[in-house]
Amino acid sequence: MVMVEYSARSHSESMNYVHYIWILLSILVSVTCSFCFLQPEWIIHPNVRNAFGIYAFCVGNAGSAQFSRTCGFYGGRFGFGNIPCTIWQAACLLYGGGSLFTCFGALCSLTTMCVRKGWNKTLVLSTRYLQISSVFLMTSGLLVFPLGFDSNYFRLYCGAGADVFNSGICHVGWTYVLAIVGAAISIFCPILSYFSAEETSQNEEFDFKI
């Protein structure tokens, strides 16, 4: 009798690397997108002092020779009603909700390393749908935000030539660009979750006896 053993252990180990990459990428995306949500430099005035974010802004101090500005929430405190444009309110809700989903997705991806094997596949699947939803929400928020460039508030600082998808004399800030990059990278999170070792169930060993 000849016994031939075939083990899929090496393939399983290679898939585990995908699982770890998925977790690291989920954490990176959640930190990046949350950071962008908190920053006011989405649109920057040519004087560099005035900047406008999705719910916060910065205004240069008049009469100051040095670079000086005051930053804070629209209206003095956080609230959707204080955001000067209805479209920006929608963008704040969409992108902020997407950023929150990415944080939950990162937490769930970390949890997959601790739960029992029987529950792992269900958790990975749930996390995948959560991350797909976050991609949709953040992308929608990023696309909606420039629609508010024709508001009276925005034109007051960026000129009468400002219009939808036209920032007038102002220019797109580094935070908005980073937010776009973060949303683009987040697309790979649900893709990697599909190829993770736990999801594809490649942890079995096969024995063939002759």
# chains A, B, ... in the order shown; residues from 1 in each chain; ligands from 1
>>> residues_around(residues="stretch 75-81 of chain A", least_positions_apart="2", cutoff="10 Å", atoms="only C-alpha atoms", output="compact mmCIF listing (two decimals) with C-alpha atoms, in the first residue's frame")
# COMPACT_ATOMS: atom_id res chain seq x y z
CA TYR A 55 -18.24 71.07 8.23
CA ALA A 56 -15.40 73.34 9.41
CA PHE A 57 -13.60 76.39 8.03
CA CYS A 71 -10.56 77.81 12.54
CA GLY A 72 -13.76 76.30 13.86
CA PHE A 73 -17.18 74.92 13.06
CA ILE A 83 -23.33 74.27 7.55
CA PRO A 84 -23.96 77.15 5.12
CA CYS A 85 -25.16 75.07 2.17
CA THR A 86 -27.81 72.36 2.02
CA TRP A 88 -22.73 70.52 1.89
CA GLN A 89 -25.00 69.24 4.64
CA ALA A 90 -25.81 66.23 2.46
CA CYS A 92 -21.22 65.89 5.29
CA LEU A 93 -23.82 63.25 6.09
>>> select_by_dssp(residues="stretch 18-209 of chain A", states="alpha helix (DSSP H)", output="ChimeraX atom specification")
/A:18-38,86-111,117-144,152-158,174-186,188-194,197-200
>>> atom_distance(atom1="atom CA of A:Leu25", atom2="atom CA of A:Gly53")
25.2 Å
>>> residues_around(residues="A:Leu156", least_positions_apart="6", cutoff="12 Å", atoms="only C-alpha atoms", output="PDB file with all heavy atoms, in the first residue's frame")
ATOM      1  N   HIS A  45      -8.514  79.253  -0.313  1.00  0.00           N
ATOM      2  CA  HIS A  45      -8.496  80.567  -0.955  1.00  0.00           C
ATOM      3  C   HIS A  45      -7.065  80.887  -1.379  1.00  0.00           C
ATOM      4  O   HIS A  45      -6.103  80.389  -0.775  1.00  0.00           O
ATOM      5  CB  HIS A  45      -9.016  81.612   0.034  1.00  0.00           C
ATOM      6  CG  HIS A  45      -9.317  82.931  -0.592  1.00  0.00           C
ATOM      7  ND1 HIS A  45      -8.381  83.936  -0.712  1.00  0.00           N
ATOM      8  CD2 HIS A  45     -10.466  83.416  -1.124  1.00  0.00           C
ATOM      9  CE1 HIS A  45      -8.928  84.981  -1.290  1.00  0.00           C
ATOM     10  NE2 HIS A  45     -10.197  84.714  -1.556  1.00  0.00           N
ATOM     11  N   ASN A  50      -7.838  81.495   4.215  1.00  0.00           N
ATOM     12  CA  ASN A  50      -9.223  81.046   4.207  1.00  0.00           C
ATOM     13  C   ASN A  50      -9.307  79.638   3.610  1.00  0.00           C
ATOM     14  O   ASN A  50      -8.785  79.387   2.521  1.00  0.00           O
ATOM     15  CB  ASN A  50     -10.105  81.991   3.400  1.00  0.00           C
ATOM     16  CG  ASN A  50     -10.147  83.391   4.001  1.00  0.00           C
ATOM     17  OD1 ASN A  50      -9.773  83.578   5.159  1.00  0.00           O
ATOM     18  ND2 ASN A  50     -10.579  84.363   3.219  1.00  0.00           N
ATOM     19  N   PRO A  84     -23.320  76.080   5.885  1.00  0.00           N
ATOM     20  CA  PRO A  84     -23.964  77.151   5.116  1.00  0.00           C
ATOM     21  C   PRO A  84     -24.695  76.726   3.848  1.00  0.00           C
ATOM     22  O   PRO A  84     -25.411  77.534   3.265  1.00  0.00           O
ATOM     23  CB  PRO A  84     -22.786  78.070   4.766  1.00  0.00           C
ATOM     24  CG  PRO A  84     -21.589  77.187   4.791  1.00  0.00           C
ATOM     25  CD  PRO A  84     -21.860  76.188   5.868  1.00  0.00           C
ATOM     26  N   PHE A 149     -20.735  74.661  -4.827  1.00  0.00           N
ATOM     27  CA  PHE A 149     -19.870  75.804  -5.151  1.00  0.00           C
ATOM     28  C   PHE A 149     -20.650  77.000  -5.686  1.00  0.00           C
ATOM     29  O   PHE A 149     -20.083  78.096  -5.809  1.00  0.00           O
ATOM     30  CB  PHE A 149     -18.809  75.400  -6.178  1.00  0.00           C
ATOM     31  CG  PHE A 149     -17.763  74.457  -5.626  1.00  0.00           C
ATOM     32  CD1 PHE A 149     -16.817  73.883  -6.474  1.00  0.00           C
ATOM     33  CD2 PHE A 149     -17.723  74.139  -4.287  1.00  0.00           C
ATOM     34  CE1 PHE A 149     -15.858  73.011  -5.980  1.00  0.00           C
ATOM     35  CE2 PHE A 149     -16.763  73.267  -3.781  1.00  0.00           C
ATOM     36  CZ  PHE A 149     -15.829  72.701  -4.638  1.00  0.00           C
ATOM     37  N   ASP A 150     -21.909  76.811  -6.033  1.00  0.00           N
ATOM     38  CA  ASP A 150     -22.705  77.933  -6.542  1.00  0.00           C
ATOM     39  C   ASP A 150     -23.503  78.623  -5.439  1.00  0.00           C
ATOM     40  O   ASP A 150     -24.343  79.489  -5.722  1.00  0.00           O
ATOM     41  CB  ASP A 150     -23.661  77.445  -7.644  1.00  0.00           C
ATOM     42  CG  ASP A 150     -24.697  76.450  -7.121  1.00  0.00           C
ATOM     43  OD1 ASP A 150     -24.474  75.900  -6.024  1.00  0.00           O
ATOM     44  OD2 ASP A 150     -25.705  76.226  -7.807  1.00  0.00           O
ATOM     45  N   ALA A 162     -17.633  81.441  -9.335  1.00  0.00           N
ATOM     46  CA  ALA A 162     -17.735  80.079  -8.799  1.00  0.00           C
ATOM     47  C   ALA A 162     -19.076  79.474  -9.194  1.00  0.00           C
ATOM     48  O   ALA A 162     -20.111  80.133  -9.166  1.00  0.00           O
ATOM     49  CB  ALA A 162     -17.583  80.094  -7.286  1.00  0.00           C
ATOM     50  N   ASP A 163     -19.043  78.221  -9.544  1.00  0.00           N
ATOM     51  CA  ASP A 163     -20.253  77.529  -9.982  1.00  0.00           C
ATOM     52  C   ASP A 163     -20.089  76.045  -9.667  1.00  0.00           C
ATOM     53  O   ASP A 163     -19.058  75.619  -9.129  1.00  0.00           O
ATOM     54  CB  ASP A 163     -20.482  77.753 -11.478  1.00  0.00           C
ATOM     55  CG  ASP A 163     -21.938  77.558 -11.871  1.00  0.00           C
ATOM     56  OD1 ASP A 163     -22.708  77.048 -11.040  1.00  0.00           O
ATOM     57  OD2 ASP A 163     -22.294  77.901 -13.010  1.00  0.00           O
ATOM     58  N   SER A 167     -14.531  76.062  -8.736  1.00  0.00           N
ATOM     59  CA  SER A 167     -14.224  76.697  -7.457  1.00  0.00           C
ATOM     60  C   SER A 167     -13.855  78.171  -7.571  1.00  0.00           C
ATOM     61  O   SER A 167     -13.434  78.784  -6.591  1.00  0.00           O
ATOM     62  CB  SER A 167     -13.074  75.955  -6.764  1.00  0.00           C
ATOM     63  OG  SER A 167     -11.916  75.948  -7.585  1.00  0.00           O
ATOM     64  N   GLY A 168     -14.003  78.770  -8.752  1.00  0.00           N
ATOM     65  CA  GLY A 168     -13.716  80.187  -8.920  1.00  0.00           C
ATOM     66  C   GLY A 168     -12.243  80.486  -8.706  1.00  0.00           C
ATOM     67  O   GLY A 168     -11.372  79.815  -9.238  1.00  0.00           O
ATOM     68  N   ILE A 169     -11.957  81.507  -7.898  1.00  0.00           N
ATOM     69  CA  ILE A 169     -10.561  81.874  -7.656  1.00  0.00           C
ATOM     70  C   ILE A 169      -9.905  80.944  -6.625  1.00  0.00           C
ATOM     71  O   ILE A 169      -8.692  80.984  -6.452  1.00  0.00           O
ATOM     72  CB  ILE A 169     -10.451  83.334  -7.175  1.00  0.00           C
ATOM     73  CG1 ILE A 169     -11.173  83.527  -5.843  1.00  0.00           C
ATOM     74  CG2 ILE A 169     -11.002  84.293  -8.232  1.00  0.00           C
ATOM     75  CD1 ILE A 169     -10.994  84.906  -5.231  1.00  0.00           C
ATOM     76  N   CYS A 170     -10.703  80.158  -5.940  1.00  0.00           N
ATOM     77  CA  CYS A 170     -10.163  79.208  -4.974  1.00  0.00           C
ATOM     78  C   CYS A 170      -9.686  77.944  -5.697  1.00  0.00           C
ATOM     79  O   CYS A 170      -9.982  77.733  -6.875  1.00  0.00           O
ATOM     80  CB  CYS A 170     -11.222  78.843  -3.938  1.00  0.00           C
ATOM     81  SG  CYS A 170     -11.807  80.246  -2.945  1.00  0.00           S
TER      82      CYS A 170
END
>>> select_by_dssp(residues="stretch 17-189 of chain A", states="strand (DSSP E)", output="list in words")
Ile43, Ile44, Ala51, Phe52, Ala56, Phe57, Cys58, Val59, Gly60, Arg69, Thr70, Cys71, Gly72, Phe73, His171 and Val172 of chain A
>>> write_last_selection(atoms="N, CA, C and O atoms", output="short mmCIF file (atom, residue, chain, number, x, y, z; two decimals), in the first residue's frame")
data_model
loop_
_atom_site.label_atom_id
_atom_site.label_comp_id
_atom_site.auth_asym_id
_atom_site.auth_seq_id
_atom_site.Cartn_x
_atom_site.Cartn_y
_atom_site.Cartn_z
N ILE A 43 -11.20 73.13 0.36
CA ILE A 43 -11.06 74.21 -0.63
C ILE A 43 -10.26 75.33 0.02
O ILE A 43 -10.54 75.72 1.15
N ILE A 44 -9.27 75.85 -0.71
CA ILE A 44 -8.37 76.85 -0.14
C ILE A 44 -8.41 78.13 -0.98
O ILE A 44 -8.34 78.08 -2.22
N ALA A 51 -9.95 78.76 4.33
CA ALA A 51 -10.12 77.39 3.87
C ALA A 51 -11.50 76.88 4.29
O ALA A 51 -12.03 77.29 5.33
N PHE A 52 -12.06 76.00 3.47
CA PHE A 52 -13.41 75.54 3.71
C PHE A 52 -13.47 74.02 3.63
O PHE A 52 -13.06 73.43 2.63
N ALA A 56 -16.22 72.37 8.70
CA ALA A 56 -15.40 73.34 9.41
C ALA A 56 -14.73 74.27 8.41
O ALA A 56 -14.65 73.97 7.21
N PHE A 57 -14.23 75.40 8.90
CA PHE A 57 -13.60 76.39 8.03
C PHE A 57 -12.52 77.14 8.79
O PHE A 57 -12.45 77.09 10.01
N CYS A 58 -11.69 77.85 8.03
CA CYS A 58 -10.67 78.72 8.60
C CYS A 58 -10.75 80.08 7.91
O CYS A 58 -10.89 80.14 6.68
N VAL A 59 -10.62 81.14 8.67
CA VAL A 59 -10.67 82.50 8.14
C VAL A 59 -9.46 83.25 8.67
O VAL A 59 -9.16 83.21 9.87
N GLY A 60 -8.77 83.96 7.75
CA GLY A 60 -7.62 84.75 8.14
C GLY A 60 -8.00 85.93 9.00
O GLY A 60 -9.05 86.55 8.81
N ARG A 69 -4.81 82.79 11.38
CA ARG A 69 -6.18 82.51 11.03
C ARG A 69 -6.89 81.82 12.18
O ARG A 69 -6.26 81.25 13.06
N THR A 70 -8.21 81.87 12.12
CA THR A 70 -9.05 81.25 13.13
C THR A 70 -9.87 80.14 12.48
O THR A 70 -10.51 80.36 11.44
N CYS A 71 -9.84 78.96 13.07
CA CYS A 71 -10.56 77.81 12.54
C CYS A 71 -11.62 77.35 13.53
O CYS A 71 -11.47 77.50 14.74
N GLY A 72 -12.69 76.80 13.00
CA GLY A 72 -13.76 76.30 13.86
C GLY A 72 -14.91 75.76 13.04
O GLY A 72 -14.82 75.64 11.81
N PHE A 73 -15.98 75.43 13.72
CA PHE A 73 -17.18 74.92 13.06
C PHE A 73 -17.95 76.08 12.42
O PHE A 73 -17.88 77.22 12.88
N HIS A 171 -8.97 77.10 -4.97
CA HIS A 171 -8.48 75.87 -5.57
C HIS A 171 -8.71 74.70 -4.61
O HIS A 171 -8.91 74.88 -3.41
N VAL A 172 -8.70 73.52 -5.20
CA VAL A 172 -8.93 72.31 -4.42
C VAL A 172 -7.77 72.08 -3.45
O VAL A 172 -6.61 72.17 -3.84
#
>>> residues_around(residues="A:Thr102", least_positions_apart="6", cutoff="12 Å", atoms="only C-alpha atoms", output="ChimeraX atom specification")
/A:23,25-35,95-96,108-109,127-138,182-183,185-187,189-190
>>> closest_residue(among="A:Leu110, A:Leu178, A:Leu125, A:Leu143", to="A:Trp22", atoms="only C-alpha atoms")
A:Leu110
>>> closest_residue(among="A:Thr139, A:Asn152, A:Asn82, A:Asn16", to="A:Met113", atoms="only C-alpha atoms")
A:Asn16
>>> closest_residue(among="A:Tyr153, A:Asn47, A:Val115, A:Leu107", to="A:Tyr74", atoms="only C-alpha atoms")
A:Tyr153
>>> atom_distance(atom1="atom CA of A:Phe104", atom2="atom CA of A:Leu24")
13.7 Å
>>> atom_distance(atom1="atom CA of A:Gly98", atom2="atom CA of A:Ala179")
11.4 Å
